[in-house]
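Chemist: Have a look at this one.
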Amino acid sequence: MQKLNKKNIYILILILISLIATIPTIIKFIFFPSNINLLVGNTHKINFNIPAVATLVSNDDSVLNVNNKPLEENENIKLNKEVYLKSDIEGSINMQVSLMGIPVKNVTVSVLPNSKLIPGGDSVGVRINTQGVMVLGLGTVIGQDSKQYEPSKDILKPGDMILKVNNIDIDSKQTLIQCIENNDKLNIEIKRNNVIQNVNIECIKGEDNKNKIGIWVRDSTQGIGTLTYINPETKSFGSLGHGVVDIDTKEIMEVKDGKVMKSNIIDIKKGEKGSPGELVGDIRKNEAVGIITNNTNVGIYGKITDESFIINREAIPIGFKDSVEIGKAHILCNINGNNIDKYEIEIESINKYNIDNSKSMVLKITDEKLLQKTNGIIQGMSGSPIIQNGKIVGAVTHVFVNEPSKGYGIFIENMLNND
């Protein structure tokens with residue numbers, strides 16, 4: 001084997017350094033957005049800071065201005081410096097990003113109406129009924145012979161959604177129990193990892209002479225969250241800024257139906273290092289203000305059904321991610337009775353292309369009143385709208401467990417993309 005001389009070692013070192021130097025650029029390409037949102041009539045300053053060229057193609061040259069001049073057909077834009085985009089009409093433009101002449105990504109630039117949203121801040125009760133019944137865990141059954149059996153072992157798994165049993169739709173735990181008790185053999189339709197499949201289970205007759213299959217299930221969940229925004233025209237709303245997950249399986253719960261209800265905050269458990277605090281609310285179950293239609297990884301969505309809930313509320317402009325700045329802002333939240341108050345925060349860092357949309361900003365609570373009452377961000381404050389420069393720019397999502405005065409936020413446009 002030929003030994004490496006000093007010249008070859010030097011070349012290898014240079015190659016290694018070059019590869020290491022390209023890692024940040026590669027990462028930026030991996031997380032480069034597939035969709036860029038603009039608002040009609042607004043100039044958006046976008047700084048990608050990557051050594052690439054974008055080819056912008058529009059069916060209508062009047063749709064977009066680039067760097068203060070009309071877009072020309074198949075215009076090439078350098079992305080290693082600031083780019084200014086503006087459009088006075090709605091529409092979409094295709095953008096192909098190329099590195100050294102090689103296409104690496106297709107991006108859609110969407111020009112959206114310059115609408116306004118009503119900022120929330122209301123602590124509401126949230127109840128979600130699942131699409132089917134979720135399997136939480138498996139267990140044993142004591143048979144009539146006093147022996148232990150595991151009828152569901154290696155057949156069902158935690159996180160499975162039971163949709164049908166012997167062609168009967170399963171809409172609740174009670175329906176599932178009835179199907180099991182009335183049948184010795186079960187053909188079960190489940191959804192696992194978004195794939196529908198069928199499995200068969202033979203029931204075991206328990207000591208109480210009832211059929212059992214040895215599983216724990218859940219068909220609904222309930223808690224306190226904060227409303228983020230309401231669209232005054234469509235009455236649609238977004239809340240939380242993150243999905244509702246099952247506490248046991250950590251899976252996003254699929255919504256069959258659900259509702260948001262009025263609530264009063266009756267107690268506060270302060271956040272401590274290593275232990276997140278909590279808002280304790282009295283949920284008024286008979287005072288629903290809206291229905292829930294969707295549960296996603298960036299929030300829950302639905303429609304306000306109680307018109308009186310939004311009377312005399314003022315809508316404010318939307319601020320997309322390119323308008324968010326490091327510095328002062330405030331949040332709206334309810335930590336006392338049913339009063340919505342404003343509290344000062346500092347946006348400490350911004351990550352426009354984080355793979356986890358719910359962690360796009362790092363926030364710090366600076367308002368002394370809020371710190372005295374909660375020590376920072378606590379459970380139940382998720383969804384509190386973030387206002388900066390008179391615009392709704394995002395929502396609070398998570399707390400730093402070891403530093404409760406800090407937490408994460410999501411951009412409002414990431415929530416609107418799923419509305």
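A note on labels: chains of the structure tokens are A, B, ... as shown, every chain counts residues from 1, and ligands are counted from 1 in their shown order.
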Tell me, as a list of chain:residue names, which residues lie within 9 Å of A:Pro113, counting only C-alpha atoms; anything in the same chain fewer than 5 positions away does not count.

Modeler: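 Surrounding residues, per the criterion: A:Leu38, A:Leu39, A:Val40, A:Gly41, A:Ile89, A:Glu90.
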
Chemist: Neighbours of A:Asn198 within 9 Å (only C-alpha atoms; same-chain residues fewer than 6 positions away dropped), as a list in words?

Modeler: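 With the cut-off at 9 Å, the set is Asn187, Ile188, Glu189, Ile190 and Lys191 of chain A.
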
Chemist: Give me, as a PyMOL selection string, the residues of stretch 156-390 of chain A that a backbone DSSP run labels strand (DSSP E or B).

Modeler: chain A and resi 161-165+168-169+185-192+195-202+204-206+211-212+215-230+236-239+245+252+255-269+272+275+278-296+299-304+316-318+327-337+339-350+361-365+379+385-388

Chemist: What's the 7 Å shell around A:Val83, counting only C-alpha atoms, without same-chain residues fewer than 4 positions away, as a PyMOL selection string?

Modeler: chain A and resi 45-47+67

Chemist: Given the selection you just returned, output its residues as a file containing N, CA and C atoms, formatted as a compact mmCIF listing (two decimals), in the first residue's frame.

Modeler:
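This is the output file part-v2.txt:
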```txt
# COMPACT_ATOMS: atom_id res chain seq x y z
N LYS A 45 -38.91 41.61 2.38
CA LYS A 45 -37.46 41.46 2.27
C LYS A 45 -37.08 40.05 2.69
N ILE A 46 -36.49 39.30 1.79
CA ILE A 46 -36.14 37.92 2.07
C ILE A 46 -34.63 37.75 1.91
N ASN A 47 -34.01 37.18 2.93
CA ASN A 47 -32.56 36.99 2.90
C ASN A 47 -32.25 35.51 3.11
N ASN A 67 -37.07 43.20 -6.55
CA ASN A 67 -36.09 44.27 -6.33
C ASN A 67 -36.54 45.57 -6.99
```

Chemist: Taking into account only C-alpha atoms, which residue in the set A:His242, A:Lys270, A:Lys373, A:Lys342 is nearest to A:Asn294?

Modeler: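 Result for the nearest residue to A:Asn294: A:His242.
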
Chemist: Please identify all polymer residues within 10 Å of A:Arg192, counting only C-alpha atoms, omitting same-chain residues fewer than 2 positions from it, and present them as a ChimeraX atom specification.

Modeler: /A:156-162,189-190,194-197

Chemist: DSSP on the backbone, then: every residue of stretch 48-294 of chain A marked alpha helix (DSSP H), written as JSON, numbers by chain.

Modeler: {"A": [173, 174, 175, 176, 177, 178, 179, 180, 181, 182]}

Chemist: Just write the chosen residues, N, CA and C atoms, as a short mmCIF file (atom, residue, chain, number, x, y, z; two decimals), in the first residue's frame.

Modeler:
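Result went into out-v2.cif, see below:
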```cif
data_model
loop_
_atom_site.label_atom_id
_atom_site.label_comp_id
_atom_site.auth_asym_id
_atom_site.auth_seq_id
_atom_site.Cartn_x
_atom_site.Cartn_y
_atom_site.Cartn_z
N LYS A 173 -65.74 4.14 23.31
CA LYS A 173 -65.30 2.97 24.08
C LYS A 173 -66.47 2.03 24.35
N GLN A 174 -67.64 2.62 24.59
CA GLN A 174 -68.80 1.79 24.91
C GLN A 174 -69.20 0.91 23.74
N THR A 175 -69.15 1.47 22.52
CA THR A 175 -69.47 0.66 21.33
C THR A 175 -68.49 -0.48 21.18
N LEU A 176 -67.20 -0.21 21.43
CA LEU A 176 -66.17 -1.25 21.34
C LEU A 176 -66.43 -2.36 22.36
N ILE A 177 -66.75 -1.98 23.59
CA ILE A 177 -67.03 -2.98 24.63
C ILE A 177 -68.20 -3.87 24.23
N GLN A 178 -69.25 -3.26 23.69
CA GLN A 178 -70.42 -4.04 23.27
C GLN A 178 -70.07 -5.04 22.17
N CYS A 179 -69.24 -4.61 21.22
CA CYS A 179 -68.84 -5.52 20.13
C CYS A 179 -68.03 -6.69 20.66
N ILE A 180 -67.15 -6.41 21.61
CA ILE A 180 -66.32 -7.48 22.18
C ILE A 180 -67.19 -8.46 22.96
N GLU A 181 -68.08 -7.93 23.77
CA GLU A 181 -68.90 -8.79 24.63
C GLU A 181 -69.89 -9.63 23.82
N ASN A 182 -70.27 -9.16 22.63
CA ASN A 182 -71.29 -9.86 21.84
C ASN A 182 -70.71 -10.79 20.78
#
```

Chemist: Could you give me, as a ChimeraX atom specification, the residues within 7 Å of A:Gln144, counting only C-alpha atoms and dropping anything in the same chain fewer than 2 positions from it?

Modeler: /A:142,146,205-207

Chemist: At a cut-off of 6 Å, using only C-alpha atoms, what residues contact A:Val362? Leave out same-chain residues fewer than 6 positions from it and give the result as a list in words.

Modeler: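 Residues near the query, excluding close chain neighbours: Glu348, Ser349, Gly407 and Tyr408 of chain A.
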
Chemist: Figure out the distance between atom CA of A:Ile118 and atom CA of A:Asn312, please, to one decimal in Å.

Modeler: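 Separation between atom CA of A:Asn312 and atom CA of A:Ile118: 10.3 Å.
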
Chemist: So how far away is atom CA of A:Gly121 from atom CA of A:Asn334, in Å?

Modeler: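 Atom CA of A:Asn334 sits 6.1 Å away from atom CA of A:Gly121.
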
Chemist: May I ask for the distance between atom CA of A:Lys164 and atom CA of A:Ile252, given in Å to one decimal place?

Modeler: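 Atom CA of A:Lys164 sits 19.8 Å away from atom CA of A:Ile252.
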
Chemist: Show which residues sit within 6 Å of A:Ser360, as a list in words. Count only C-alpha atoms, and ignore same-chain residues fewer than 3 positions away.

Modeler: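 Within the cut-off, the hits are Asn351, Asn354, Asn357, Gly409 and Ile410 of chain A.
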
Chemist: The selected residues should be written to file as a compact mmCIF listing (two decimals), in the first residue's frame (atoms: N, CA and C atoms).

Modeler:
```
# COMPACT_ATOMS: atom_id res chain seq x y z
N ASN A 351 -35.66 31.45 13.67
CA ASN A 351 -35.22 30.42 12.74
C ASN A 351 -36.33 30.21 11.71
N ASN A 354 -36.76 26.29 10.35
CA ASN A 354 -36.66 25.15 11.27
C ASN A 354 -37.56 24.02 10.79
N ASN A 357 -41.85 23.45 12.79
CA ASN A 357 -42.46 24.77 12.67
C ASN A 357 -42.89 25.37 14.00
N GLY A 409 -41.86 29.80 19.95
CA GLY A 409 -43.03 30.32 19.27
C GLY A 409 -43.09 29.84 17.84
N ILE A 410 -44.26 29.91 17.25
CA ILE A 410 -44.47 29.52 15.86
C ILE A 410 -44.88 30.76 15.07
```

Chemist: Nearest to A:Gly139 among A:Ile102, A:Gly120, A:Asn295, A:Val217, with distances taken over only C-alpha atoms: which residue is it?

Modeler: A:Val217

Chemist: With a cut-off of 10 Å, could you pull out the residues of stretch 309-402 of chain A touching stretch 278-291 of chain A and give me the nearest pair of atoms for each, distance in Å to one decimal, using only C-alpha atoms, ordered by chain and ascending number, as CSV?

Modeler:
```
residue,atom,partner,partner_atom,distance
A:Phe309,CA,A:Val289,CA,6.8
A:Ile310,CA,A:Val289,CA,9.7
A:Asn334,CA,A:Leu279,CA,9.3
A:Ile335,CA,A:Leu279,CA,7.1
A:Asn336,CA,A:Leu279,CA,9.5
A:Gly337,CA,A:Gly281,CA,8.6
A:Asn338,CA,A:Gly281,CA,9.8
A:Thr374,CA,A:Glu278,CA,8.4
A:Ile377,CA,A:Glu278,CA,8.8
A:Ile378,CA,A:Glu278,CA,5.1
A:Gln379,CA,A:Glu278,CA,4.4
A:Gly380,CA,A:Leu279,CA,5.3
A:Met381,CA,A:Leu279,CA,7.5
```

Chemist: Using only C-alpha atoms, which residue out of A:Asn129, A:Gln96, A:Asn414, A:Ser123 lies closest to A:Ile318?

Modeler: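 Under the stated criterion, the closest residue is A:Asn414.
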
Chemist: Which of these residues is nearest to A:Leu138, using only C-alpha atoms: A:Val66, A:Ile326, A:Ile412, A:Ile215?

Modeler: A:Ile215
